[in-house]
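Student: I'm passing along model-v6.txt; it holds compact mmCIF, C-alpha atoms and all ligand atoms.
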# COMPACT_ATOMS: atom_id res chain seq x y z
CA MET H 1 200.17 -2.61 70.28
CA ASP H 2 198.35 0.48 69.07
CA ILE H 3 198.63 2.51 72.27
CA VAL H 4 200.49 1.97 75.55
CA LEU H 5 199.76 4.17 78.56
CA LYS H 6 202.87 4.17 80.74
CA ASN H 7 203.13 4.63 84.52
CA ALA H 8 199.45 4.95 85.28
CA ASN H 9 197.61 4.75 88.58
CA VAL H 10 195.04 2.24 87.36
CA VAL H 11 191.55 1.95 88.80
CA HIS H 12 189.43 -1.01 87.65
CA LEU H 13 185.90 -1.19 89.09
CA ASP H 14 186.05 -1.50 92.90
CA GLU H 15 189.63 -2.79 93.01
CA ALA H 16 192.33 -0.79 94.80
CA VAL H 17 194.34 1.62 92.67
CA ARG H 18 197.61 0.07 91.45
CA LYS H 19 200.58 1.26 89.39
CA ALA H 20 200.83 -0.32 85.94
CA ASP H 21 201.12 0.20 82.18
CA ILE H 22 198.08 -0.35 79.95
CA ALA H 23 198.36 -1.86 76.47
CA ILE H 24 195.61 -1.33 73.88
CA LYS H 25 195.17 -3.17 70.58
CA GLY H 26 192.23 -2.28 68.36
CA ASP H 27 189.26 -1.42 70.56
CA ARG H 28 190.39 -3.51 73.55
CA VAL H 29 192.62 -3.33 76.59
CA VAL H 30 194.91 -6.35 76.14
CA ALA H 31 197.27 -6.03 79.12
CA VAL H 32 197.56 -4.18 82.44
CA GLU H 33 201.00 -4.97 83.79
CA THR H 34 204.11 -3.31 85.16
CA ASN H 35 206.77 -2.45 82.57
CA ILE H 36 205.12 -3.25 79.24
CA ASP H 37 207.89 -2.88 76.67
CA ALA H 38 205.95 -3.81 73.54
CA GLU H 39 206.23 -1.72 70.36
CA ALA H 40 203.32 0.70 70.12
CA GLY H 41 201.95 3.18 67.60
CA GLN H 42 201.59 5.72 70.39
CA ILE H 43 203.00 5.95 73.91
CA ILE H 44 201.13 8.11 76.42
CA GLU H 45 203.27 8.89 79.47
CA CYS H 46 200.88 9.15 82.42
CA GLY H 47 203.48 10.00 85.09
CA GLY H 48 201.40 8.57 87.94
CA ARG H 49 198.11 10.05 86.76
CA LEU H 50 194.88 8.17 87.47
CA VAL H 51 193.46 6.14 84.57
CA SER H 52 189.93 4.79 84.88
CA GLY H 53 187.13 3.59 82.66
CA SER H 54 185.20 6.41 80.99
CA LEU H 55 182.93 8.53 83.10
CA ILE H 56 179.26 7.72 82.63
CA ASP H 57 176.29 10.07 82.69
CA ALA H 58 173.36 7.83 83.62
CA HIS H 59 170.61 10.43 83.30
CA VAL H 60 170.45 13.53 81.13
CA HIS H 61 167.87 15.17 78.86
CA LEU H 62 169.82 15.83 75.67
CA ASP H 63 166.67 16.98 73.86
CA ALA H 64 166.46 19.97 76.19
CA VAL H 65 170.11 20.93 76.68
CA LEU H 66 171.18 24.50 75.88
CA ALA H 67 167.52 25.54 75.56
CA ALA H 68 167.62 27.78 78.65
CA GLY H 69 166.19 31.20 77.83
CA LEU H 70 165.30 30.37 74.21
CA GLU H 71 161.55 30.48 74.95
CA ARG H 72 161.83 32.64 78.08
CA ASP H 73 163.76 32.54 81.34
CA ASN H 74 162.53 30.48 84.28
CA GLN H 75 162.06 33.41 86.67
CA SER H 76 160.87 31.39 89.67
CA GLY H 77 163.39 28.62 89.11
CA THR H 78 160.74 26.01 89.90
CA LEU H 79 160.16 22.63 88.29
CA HIS H 80 156.60 23.66 87.37
CA GLU H 81 157.62 26.88 85.58
CA GLY H 82 160.26 24.82 83.77
CA ILE H 83 157.58 22.38 82.57
CA ASP H 84 155.36 25.31 81.40
CA ILE H 85 158.28 26.82 79.43
CA TRP H 86 159.13 23.42 77.94
CA THR H 87 155.49 22.87 76.89
CA ASP H 88 155.46 26.22 75.04
CA PHE H 89 158.90 25.68 73.50
CA LYS H 90 158.47 22.07 72.40
CA PRO H 91 156.36 22.59 69.23
CA LYS H 92 158.85 25.21 67.92
CA ARG H 93 161.77 22.79 67.84
CA THR H 94 163.18 21.03 64.79
CA VAL H 95 165.16 17.81 64.59
CA GLU H 96 168.21 19.73 63.32
CA ALA H 97 168.06 22.30 66.14
CA ILE H 98 167.74 19.58 68.79
CA LYS H 99 170.72 17.78 67.28
CA GLU H 100 172.85 20.91 67.11
CA ARG H 101 172.33 21.74 70.79
CA ALA H 102 172.74 18.12 71.90
CA ARG H 103 175.91 17.66 69.85
CA ARG H 104 177.49 20.63 71.58
CA ALA H 105 176.58 19.36 75.06
CA ILE H 106 177.82 15.86 74.17
CA ASP H 107 181.19 17.32 73.16
CA TRP H 108 181.35 19.13 76.51
CA GLU H 109 180.76 15.81 78.25
CA VAL H 110 183.25 13.89 76.10
CA ALA H 111 185.98 16.50 76.68
CA GLN H 112 185.44 15.98 80.41
CA GLY H 113 185.81 12.21 80.25
CA THR H 114 182.28 10.91 79.63
CA GLY H 115 182.08 7.97 77.24
CA PHE H 116 178.57 6.68 77.94
CA ILE H 117 175.35 8.66 78.18
CA ARG H 118 171.81 7.55 78.99
CA THR H 119 169.51 10.30 77.72
CA HIS H 120 165.78 10.68 78.10
CA ALA H 121 163.76 11.65 75.01
CA ASP H 122 160.41 13.35 75.57
CA VAL H 123 157.84 11.26 73.67
CA CYS H 124 154.90 13.61 74.27
CA ASP H 125 154.58 15.05 70.78
CA ALA H 126 153.01 13.53 67.70
CA GLU H 127 156.14 13.87 65.54
CA GLN H 128 158.54 12.21 68.03
CA LEU H 129 161.10 14.94 67.33
CA SER H 130 163.23 14.11 70.36
CA THR H 131 163.43 10.39 69.62
CA GLN H 132 164.22 11.06 65.95
CA ALA H 133 166.97 13.57 66.73
CA LEU H 134 168.62 11.46 69.41
CA ILE H 135 168.50 8.24 67.37
CA GLU H 136 170.30 10.05 64.55
CA LEU H 137 172.91 11.40 66.99
CA ARG H 138 173.34 7.98 68.64
CA ASP H 139 174.50 6.71 65.26
CA GLU H 140 176.42 9.78 64.04
CA LEU H 141 178.47 10.11 67.25
CA LYS H 142 179.04 6.43 68.02
CA ASP H 143 182.80 6.78 67.52
CA ARG H 144 183.08 9.21 70.43
CA VAL H 145 180.27 8.23 72.82
CA ASP H 146 177.78 5.41 73.40
CA ILE H 147 174.24 6.70 73.88
CA GLN H 148 171.21 4.90 75.33
CA ILE H 149 167.83 6.54 74.69
CA VAL H 150 164.99 6.34 77.20
CA ALA H 151 161.42 6.83 75.93
CA PHE H 152 160.33 9.42 78.50
CA PRO H 153 156.71 10.55 78.88
CA GLN H 154 157.26 14.04 80.36
CA VAL H 155 153.53 14.63 80.83
CA GLY H 156 152.52 11.09 81.78
CA ILE H 157 151.31 7.88 80.20
CA LYS H 158 147.87 7.20 81.66
CA SER H 159 146.68 10.75 82.34
CA TYR H 160 147.54 12.10 78.92
CA PRO H 161 145.57 11.46 75.70
CA GLY H 162 147.61 9.17 73.47
CA GLY H 163 150.25 8.62 76.15
CA GLU H 164 150.54 4.88 75.61
CA ALA H 165 150.63 5.21 71.81
CA GLN H 166 153.40 7.82 71.97
CA MET H 167 155.49 5.64 74.28
CA ARG H 168 155.08 2.72 71.87
CA ALA H 169 155.91 4.95 68.88
CA SER H 170 159.23 5.99 70.44
CA LEU H 171 160.08 2.39 71.35
CA ASP H 172 159.14 1.19 67.86
CA MET H 173 161.49 3.83 66.38
CA GLY H 174 164.37 2.38 68.38
CA ALA H 175 164.50 3.86 71.89
CA ASP H 176 166.56 1.53 74.08
CA VAL H 177 164.95 1.91 77.49
CA VAL H 178 161.37 2.29 78.80
CA GLY H 179 160.83 5.41 80.93
CA GLY H 180 157.98 6.78 83.00
CA ILE H 181 156.85 9.40 85.49
CA PRO H 182 154.24 7.79 87.78
CA HIS H 183 154.20 10.62 90.35
CA ASN H 184 153.06 12.97 87.57
CA GLU H 185 149.95 10.94 86.77
CA VAL H 186 146.78 12.51 88.19
CA THR H 187 145.88 9.78 90.67
CA ARG H 188 147.75 7.13 92.63
CA GLU H 189 145.82 4.52 90.64
CA ALA H 190 146.91 5.99 87.29
CA GLY H 191 150.48 6.06 88.56
CA VAL H 192 150.36 2.37 89.47
CA GLU H 193 148.78 1.54 86.09
CA SER H 194 151.58 3.47 84.35
CA VAL H 195 154.20 1.38 86.17
CA MET H 196 152.44 -1.81 84.98
CA PHE H 197 152.45 -0.49 81.41
CA ILE H 198 156.18 0.29 81.65
CA PHE H 199 157.09 -3.17 82.97
CA ASP H 200 154.83 -4.93 80.46
CA GLU H 201 156.38 -3.05 77.53
CA ALA H 202 159.92 -3.65 78.80
CA GLU H 203 159.33 -7.35 79.40
CA LYS H 204 157.65 -7.83 76.02
CA ARG H 205 160.46 -6.03 74.17
CA GLY H 206 163.38 -7.27 76.31
CA LEU H 207 164.37 -3.71 77.28
CA MET H 208 165.69 -2.03 80.40
CA ILE H 209 163.61 0.37 82.52
CA ASP H 210 164.53 3.82 83.85
CA VAL H 211 161.69 5.72 85.50
CA HIS H 212 161.57 9.23 86.93
CA CYS H 213 160.13 8.08 90.24
CA ASP H 214 158.84 10.13 93.16
CA GLU H 215 160.59 13.33 92.03
CA VAL H 216 158.55 15.34 94.52
CA ASP H 217 158.89 16.45 98.14
CA ASP H 218 155.62 14.74 99.08
CA SER H 219 156.35 11.92 101.53
CA HIS H 220 153.19 10.20 100.25
CA ALA H 221 154.72 9.73 96.79
CA ARG H 222 155.44 6.02 96.97
CA PHE H 223 155.90 4.61 93.49
CA VAL H 224 159.40 3.27 94.24
CA GLU H 225 157.68 0.53 96.23
CA VAL H 226 155.52 -0.32 93.20
CA MET H 227 158.63 -0.49 90.99
CA VAL H 228 160.40 -2.65 93.58
CA GLU H 229 157.46 -5.06 93.77
CA GLN H 230 157.35 -5.46 89.99
CA THR H 231 161.15 -5.75 89.70
CA PHE H 232 161.15 -8.45 92.37
CA LYS H 233 158.16 -10.40 91.00
CA ARG H 234 159.38 -10.31 87.40
CA CYS H 235 163.03 -11.05 88.40
CA MET H 236 164.23 -8.04 86.39
CA GLY H 237 166.82 -6.93 88.97
CA ALA H 238 169.53 -4.64 87.62
CA GLN H 239 167.60 -4.13 84.38
CA VAL H 240 165.53 -1.60 86.33
CA THR H 241 166.46 1.87 87.58
CA ALA H 242 164.45 4.30 89.66
CA SER H 243 165.74 7.83 89.03
CA HIS H 244 165.54 10.78 91.41
CA CYS H 245 163.56 9.12 94.28
CA VAL H 246 163.74 12.42 96.17
CA ALA H 247 160.54 11.74 98.16
CA MET H 248 162.69 9.17 100.01
CA HIS H 249 164.40 12.18 101.61
CA SER H 250 161.08 12.98 103.31
CA TYR H 251 159.88 9.49 104.27
CA ASN H 252 159.83 8.55 107.94
CA ASN H 253 162.88 6.45 108.78
CA ALA H 254 160.89 3.29 109.54
CA TYR H 255 159.36 3.30 106.06
CA ALA H 256 162.60 4.43 104.33
CA TYR H 257 164.68 1.59 105.79
CA ARG H 258 161.98 -1.01 105.11
CA LEU H 259 161.91 0.21 101.50
CA MET H 260 165.72 0.06 101.22
CA GLY H 261 165.57 -3.59 102.28
CA TRP H 262 163.19 -4.33 99.43
CA ILE H 263 165.28 -2.36 96.92
CA ILE H 264 168.25 -4.58 97.80
CA ARG H 265 166.18 -7.76 97.54
CA SER H 266 164.83 -6.69 94.15
CA GLY H 267 168.28 -5.74 92.76
CA MET H 268 166.95 -2.46 91.36
CA ASN H 269 169.35 0.49 90.78
CA VAL H 270 168.80 4.05 91.96
CA THR H 271 170.06 7.16 90.12
CA ALA H 272 170.56 10.49 91.89
CA ASN H 273 170.64 13.77 89.97
CA PRO H 274 172.28 16.32 92.24
CA PHE H 275 172.12 19.47 90.10
CA ASP H 276 168.37 19.39 89.52
CA ASN H 277 167.40 17.74 92.79
CA ILE H 278 169.17 20.31 94.93
CA ILE H 279 168.06 23.31 92.91
CA LEU H 280 164.43 22.25 92.31
CA GLN H 281 163.32 20.41 95.43
CA ALA H 282 161.98 21.84 98.68
CA ARG H 283 161.04 25.12 97.00
CA GLU H 284 157.98 25.42 99.25
CA ASP H 285 160.04 24.88 102.41
CA THR H 286 161.00 27.83 104.57
CA TYR H 287 163.43 26.68 107.28
CA PRO H 288 164.56 24.08 108.08
CA LYS H 289 164.89 23.49 104.33
CA ARG H 290 165.27 19.94 103.00
CA ARG H 291 168.28 19.15 100.80
CA GLY H 292 166.17 17.53 98.11
CA MET H 293 168.33 14.52 97.28
CA THR H 294 167.53 10.89 97.83
CA ARG H 295 169.35 9.06 100.62
CA VAL H 296 172.51 8.32 98.63
CA LYS H 297 174.77 7.66 101.60
CA GLU H 298 172.30 5.36 103.35
CA LEU H 299 171.35 3.50 100.16
CA LEU H 300 175.00 2.79 99.39
CA ALA H 301 175.68 1.71 102.97
CA ALA H 302 172.72 -0.67 102.74
CA GLY H 303 174.15 -2.24 99.56
CA VAL H 304 172.02 -0.61 96.85
CA ASN H 305 173.74 0.26 93.57
CA VAL H 306 173.40 4.05 93.29
CA GLY H 307 174.44 5.86 90.12
CA MET H 308 174.37 9.47 89.06
CA GLY H 309 173.26 11.73 86.24
CA HIS H 310 173.82 15.33 85.16
CA ASP H 311 170.09 15.56 84.28
CA SER H 312 170.08 19.15 82.94
CA ILE H 313 172.65 21.22 81.08
CA MET H 314 171.40 24.77 80.55
CA ASP H 315 167.73 23.89 80.09
CA PRO H 316 164.41 25.34 81.33
CA TRP H 317 164.88 23.61 84.69
CA TYR H 318 168.54 24.37 85.36
CA PRO H 319 170.24 27.29 83.59
CA LEU H 320 173.80 26.31 84.55
CA GLY H 321 176.05 23.29 83.99
CA ARG H 322 178.74 22.27 81.51
CA GLY H 323 178.34 18.51 81.38
CA ASP H 324 180.87 17.85 84.13
CA MET H 325 180.19 14.54 85.91
CA VAL H 326 183.00 15.14 88.43
CA GLU H 327 181.21 18.32 89.50
CA ALA H 328 178.01 16.27 89.93
CA ALA H 329 179.90 13.77 92.10
CA SER H 330 181.44 16.59 94.14
CA LEU H 331 178.02 18.12 94.72
CA THR H 332 176.68 14.76 95.91
CA LEU H 333 179.67 14.35 98.21
CA HIS H 334 178.91 17.65 99.91
CA VAL H 335 175.12 17.59 100.03
CA CYS H 336 174.98 13.97 101.22
CA GLN H 337 177.83 14.58 103.69
CA MET H 338 180.01 11.82 102.24
CA SER H 339 183.39 13.06 103.41
CA GLY H 340 184.70 9.80 104.88
CA VAL H 341 187.67 8.42 102.94
CA GLU H 342 185.69 5.48 101.54
CA GLU H 343 182.67 7.70 100.92
CA ILE H 344 184.75 10.06 98.76
CA ASP H 345 185.86 7.07 96.70
CA ASN H 346 182.20 6.00 96.50
CA CYS H 347 181.35 9.32 94.85
CA PHE H 348 183.90 8.56 92.11
CA ASP H 349 182.53 5.02 91.81
CA MET H 350 179.02 6.37 91.18
CA ILE H 351 180.11 8.12 87.99
CA THR H 352 182.17 5.14 86.81
CA TRP H 353 181.51 1.44 87.53
CA ARG H 354 178.30 1.90 89.50
CA ASN H 355 176.81 3.74 86.53
CA ALA H 356 178.15 0.94 84.31
CA LEU H 357 176.05 -1.55 86.31
CA ASN H 358 173.16 0.87 86.07
CA LEU H 359 173.38 0.98 82.26
CA GLY H 360 174.02 -2.75 81.94
CA LEU H 361 177.42 -2.20 80.29
CA GLU H 362 179.59 -5.21 79.64
CA ASN H 363 183.40 -5.19 79.39
CA TYR H 364 183.68 -1.89 81.28
CA GLY H 365 186.86 -0.96 83.15
CA VAL H 366 190.63 -1.20 82.86
CA ALA H 367 191.43 -4.91 82.64
CA PRO H 368 192.40 -7.24 79.80
CA GLY H 369 189.37 -7.79 77.55
CA CYS H 370 187.65 -4.55 78.49
CA GLN H 371 186.61 -2.15 75.75
CA ALA H 372 189.28 0.57 75.68
CA ASP H 373 187.09 3.46 76.86
CA LEU H 374 189.51 5.23 79.19
CA VAL H 375 190.20 8.57 80.84
CA VAL H 376 193.54 9.96 82.05
CA PHE H 377 192.95 12.49 84.85
CA ASP H 378 195.54 15.13 85.79
CA ALA H 379 195.39 13.80 89.36
CA ALA H 380 196.76 10.72 91.10
CA SER H 381 193.79 9.37 93.05
CA LYS H 382 189.99 9.19 93.10
CA ALA H 383 189.93 11.59 96.05
CA ASP H 384 192.09 14.11 94.20
CA VAL H 385 189.80 13.92 91.19
CA LEU H 386 186.95 14.96 93.51
CA ARG H 387 189.05 17.60 95.28
CA ILE H 388 190.75 19.26 92.30
CA ASN H 389 188.33 18.51 89.45
CA PRO H 390 191.33 18.14 87.13
CA ALA H 391 191.56 18.22 83.35
CA CYS H 392 191.08 14.93 81.52
CA THR H 393 194.37 14.98 79.61
CA HIS H 394 193.39 12.06 77.36
CA VAL H 395 189.99 10.52 76.60
CA LEU H 396 189.87 7.27 74.60
CA LYS H 397 186.85 5.64 72.95
CA ARG H 398 187.23 2.08 71.65
CA GLY H 399 190.99 2.51 71.63
CA LYS H 400 190.98 5.81 69.74
CA LEU H 401 191.93 9.17 71.23
CA VAL H 402 188.78 11.35 71.04
CA ALA H 403 189.65 14.28 73.31
CA GLU H 404 192.66 15.96 74.87
CA THR H 405 192.91 18.79 77.39
CA LYS H 406 196.00 20.68 78.43
CA PRO H 407 195.97 21.26 82.20
CA ALA H 408 195.89 24.88 83.32
CA GLU H 409 199.09 26.34 84.76
CA SER H 410 198.99 28.87 87.57
CA THR H 411 201.79 31.04 88.88
CA VAL H 412 201.86 33.40 91.86
CA MET H 413 204.51 36.12 91.80
CA GLY H 414 206.48 34.14 89.27
CA GLY H 415 206.30 30.83 91.12
CA ALA H 416 204.36 27.81 89.84
CA VAL H 417 201.37 26.71 91.92
CA ASN H 418 200.76 23.00 92.41
CA PHE H 419 197.48 22.01 94.05
CA THR H 420 198.85 18.68 95.35
CA PRO H 421 200.49 19.04 98.77
CA GLY H 422 204.06 17.75 98.95
CA SER H 423 204.60 17.64 95.20
FE FE2 V 501 165.32 13.77 84.55
Written as C-alpha cells, how would this file's structure read?

Tutor:
Amino acid sequence: MDIVLKNANVVHLDEAVRKADIAIKGDRVVAVETNIDAEAGQIIECGGRLVSGSLIDAHVHLDAVLAAGLERDNQSGTLHEGIDIWTDFKPKRTVEAIKERARRAIDWEVAQGTGFIRTHADVCDAEQLSTQALIELRDELKDRVDIQIVAFPQVGIKSYPGGEAQMRASLDMGADVVGGIPHNEVTREAGVESVMFIFDEAEKRGLMIDVHCDEVDDSHARFVEVMVEQTFKRCMGAQVTASHCVAMHSYNNAYAYRLMGWIIRSGMNVTANPFDNIILQAREDTYPKRRGMTRVKELLAAGVNVGMGHDSIMDPWYPLGRGDMVEAASLTLHVCQMSGVEEIDNCFDMITWRNALNLGLENYGVAPGCQADLVVFDAASKADVLRINPACTHVLKRGKLVAETKPAESTVMGGAVNFTPGS
C-alpha cells in the first residue's frame, strides 16, 4: 500500500460513520476494514478523527475572487452595485491577474479540505478572459483540485448583443457546463428563450447545466419551473442544477410545494449559496426582513438533492470569505434552522456527497474503488465538524497528500483547552 490511514471514523456517502482503517494504492482507496496490517509507504494515525471524501464547492466565481476593492468598494453592499463595479473592472483584467487571484483562493479552499470546485466563468467579454484563465488553471492545478467550468452569461444571453455567440465561444474553448441567468433577461419571454438556448446547447454538446435561477426577491420570478419542465421533458435529471433559487423563499406555500413536487419528479438538483444569498437578498425589506435563502430544509425533506457553494470569496458582491465550505454549511444550518440531529448531518452531506451528485462525480467517497480524494478532520463526527470548524489535518488528492494543517492549541492559565466535552 502507498498510504494507510489508521483508526479513522469513516464516513462514506449517506452511510453511518464507522471505525476502520483505510488503505490507498495509487490514486484509489483499495480497502476500508478494521485492523489493516499491510506494509505502507506512509501511515497516518487518525486517532478517531473523521475521514470523509473531499469537500466540494459546487458554485463559486473564481474569475472574480480577491477582486474586492480593486476597482472601488461596494459601499451599498447591494447586488446591483456589485454588478456595476464588476462591469467597470472587467475590461482592466488580464489572464495572468485572474489566474493569480484564483490560484490563491483555490489554495485556501484546498487547505480547508475542498477537492472539487465548480466555477462560473463570465463569458460577457469579447476576449473570453475568464474562460481562458480558468481553463489554464483547470489543467495546471489538476493534481490538487478538480475544476469544472460553467459558461456563465453575467449580463444575459437574449437581452445582450452577442450573448449567444459569447456563450458558444466559451463552450467551444472547453467550458464543461452550460450556465445562464434567465431572471436577468429583460422580459419573461427572453428569460424563457434563454432557458431553451441553454438546454439546446447542453443537449447538443452532451454537457451538464447549472443556471443562476431566480436570484431575486421577486415572488414572480419563476424560471425554476421552466427549467424543471425542460429537465423533465428532455429526461436530463441530475445533469441539471438550478442555483440560488432564492425567489422560492418568497413564493406562496401552495405554489412552492407544487414546484418542489415537480423538482423531485424531474430529478433536478438545487444549489444554495448562503454567503451571498444572506448578504445580498432582501435589501429592500424593512422588517420583517426575509432571510434570502431558498427553502433548503423543506427541499431536502421533500427529497430534492440540495448542494452548496461558496459563490464569492472577497469579490465585488461579498468582501469577506476565505474559501471555507464548513463555514458555508454552518451558515446554512443556522439560517435555515436545521438544528435537528439529522439536519446537522444533512448540512455536512450538502458539502460532500450531495455536491458530488450535483457535479456528476463518479467514484466519490471512502469505499474500495473510490478515487482517493480524502479529508481528515480534527473532529470525530459530522456534527462536531459543524460545531468546531476544525482544521483539516490531512487533505489527499488522488492518493497524494496535498495539504496539511496543524490544529491550534489553546491554554487557559496554563491548562490545555479541549473543545470536545468529556475528552
Ligand atoms: Fe453565483

Student: Quote the spacing between CA of Gly340 in chain H and CA of Asn355 in chain H in Å to one decimal place.

Tutor: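 That distance, rounded to one decimal, is 20.9 Å.
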
Student: Tell me, counting all atoms listed in the file, for each residue of chain H within 7 Å of ligand FE2 501 (chain V), which pair of atoms is nearest and how far apart they are in Å to one decimal, in rows ordered by chain and increasing number, as a tab-separated table.

Tutor:
residue	atom	partner	partner_atom	distance
H:His59	CA	V:FE2_501	FE	6.4
H:Val60	CA	V:FE2_501	FE	6.2
H:His61	CA	V:FE2_501	FE	6.4
H:His212	CA	V:FE2_501	FE	6.4
H:Asp311	CA	V:FE2_501	FE	5.1

Student: Would you mind listing what lies within 12 Å of Thr187 in chain H as a list in words, with only C-alpha atoms counted and same-chain residues fewer than 4 positions away left out?

Tutor: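 After dropping sequence-adjacent residues, the list is Gly156, Ile157, Lys158, Ser159, Pro182, His183, Gly191, Val192, Glu193, Ser194, Ala221 and Phe223 of chain H.
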
Student: What does the distance between CA of Leu396 in chain H and CA of Asn9 in chain H come to in Å, to one decimal place?

Tutor: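 Those two atoms sit 16.2 Å apart.
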
Student: Go through H:Arg93, H:Arg322, H:Arg138, H:Arg265 and flag the residue nearest Ala302 in chain H, using all atoms listed in the file for the distances.

Tutor: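 For Ala302 in chain H, the nearest of the given residues is H:Arg265.
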
Student: Around (158.6, 2.8, 97.1) in the file's frame, which residues reach within 10 Å when counting all atoms listed in the file? Return as a ChimeraX atom specification?

Tutor: /H:213-214,220-229,242,245,247-248,251,255-256,258-260,262-263

Student: Set the distance at 6 Å and use all atoms listed in the file: which residues neighbour Gly369 in chain H once local chain neighbours fewer than 5 positions away are removed? I'd like the list as a list in words.

Tutor: Arg28, Val29 and Val30 of chain H

Student: Could you jot down the CA of Arg144 in chain H to CA of Glu15 in chain H separation for me, Å, one decimal place?

Tutor: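 Computing the Euclidean distance for CA of Arg144 in chain H and CA of Glu15 in chain H yields 26.4 Å.
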
Student: From the options H:Ala151, H:Leu331, H:Val326, H:Leu320, which residue's atoms come nearest to Pro274 in chain H, counting only C-alpha atoms?

Tutor: H:Leu331

Student: Restricting the calculation to only C-alpha atoms, which member of H:Cys336, H:Val150, H:Val145, H:Ala102 is positioned closest to Ser54 in chain H?

Tutor: H:Val145

Student: Using only C-alpha atoms, find the one residue out of H:Gln154, H:Ser312, H:Thr411, H:Asn253 that sits nearest to Ala105 in chain H.

Tutor: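 Smallest distance to Ala105 in chain H is found for H:Ser312.
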
Student: Residues near Leu62 in chain H, anyone? I mean within 9 Å using all atoms listed in the file, not counting same-chain ones fewer than 3 positions away, as a ChimeraX atom specification.

Tutor: /H:65-66,98-99,101-103,105-106,119-121,130,134,311-313

Student: Just checking: using all atoms listed in the file, which residue out of H:Val110, H:Cys392, H:Leu357, H:Ala165 ends up closest to Cys46 in chain H?

Tutor: H:Cys392

Student: Quick one: of H:Tyr364, H:Trp108, H:Trp86, H:Phe377, who's nearest to Cys124 in chain H, counting only C-alpha atoms?

Tutor: H:Trp86

Student: Write out as a PyMOL selection string each polymer residue whose atoms come within 12 Å of range 74-81 of chain H, counting all atoms listed in the file; drop sequence neighbours fewer than 6 positions from it.

Tutor: chain H and resi 67-68+87-88+154-155+184+215-217+276-284+312+314-320

Student: For Arg205 in chain H, find every residue with an atom within 12 Å (counting all atoms listed in the file), except residues of its own chain fewer than 6 positions away, and show them as a PyMOL selection string.

Tutor: chain H and resi 168+171-172+174-178+198-199
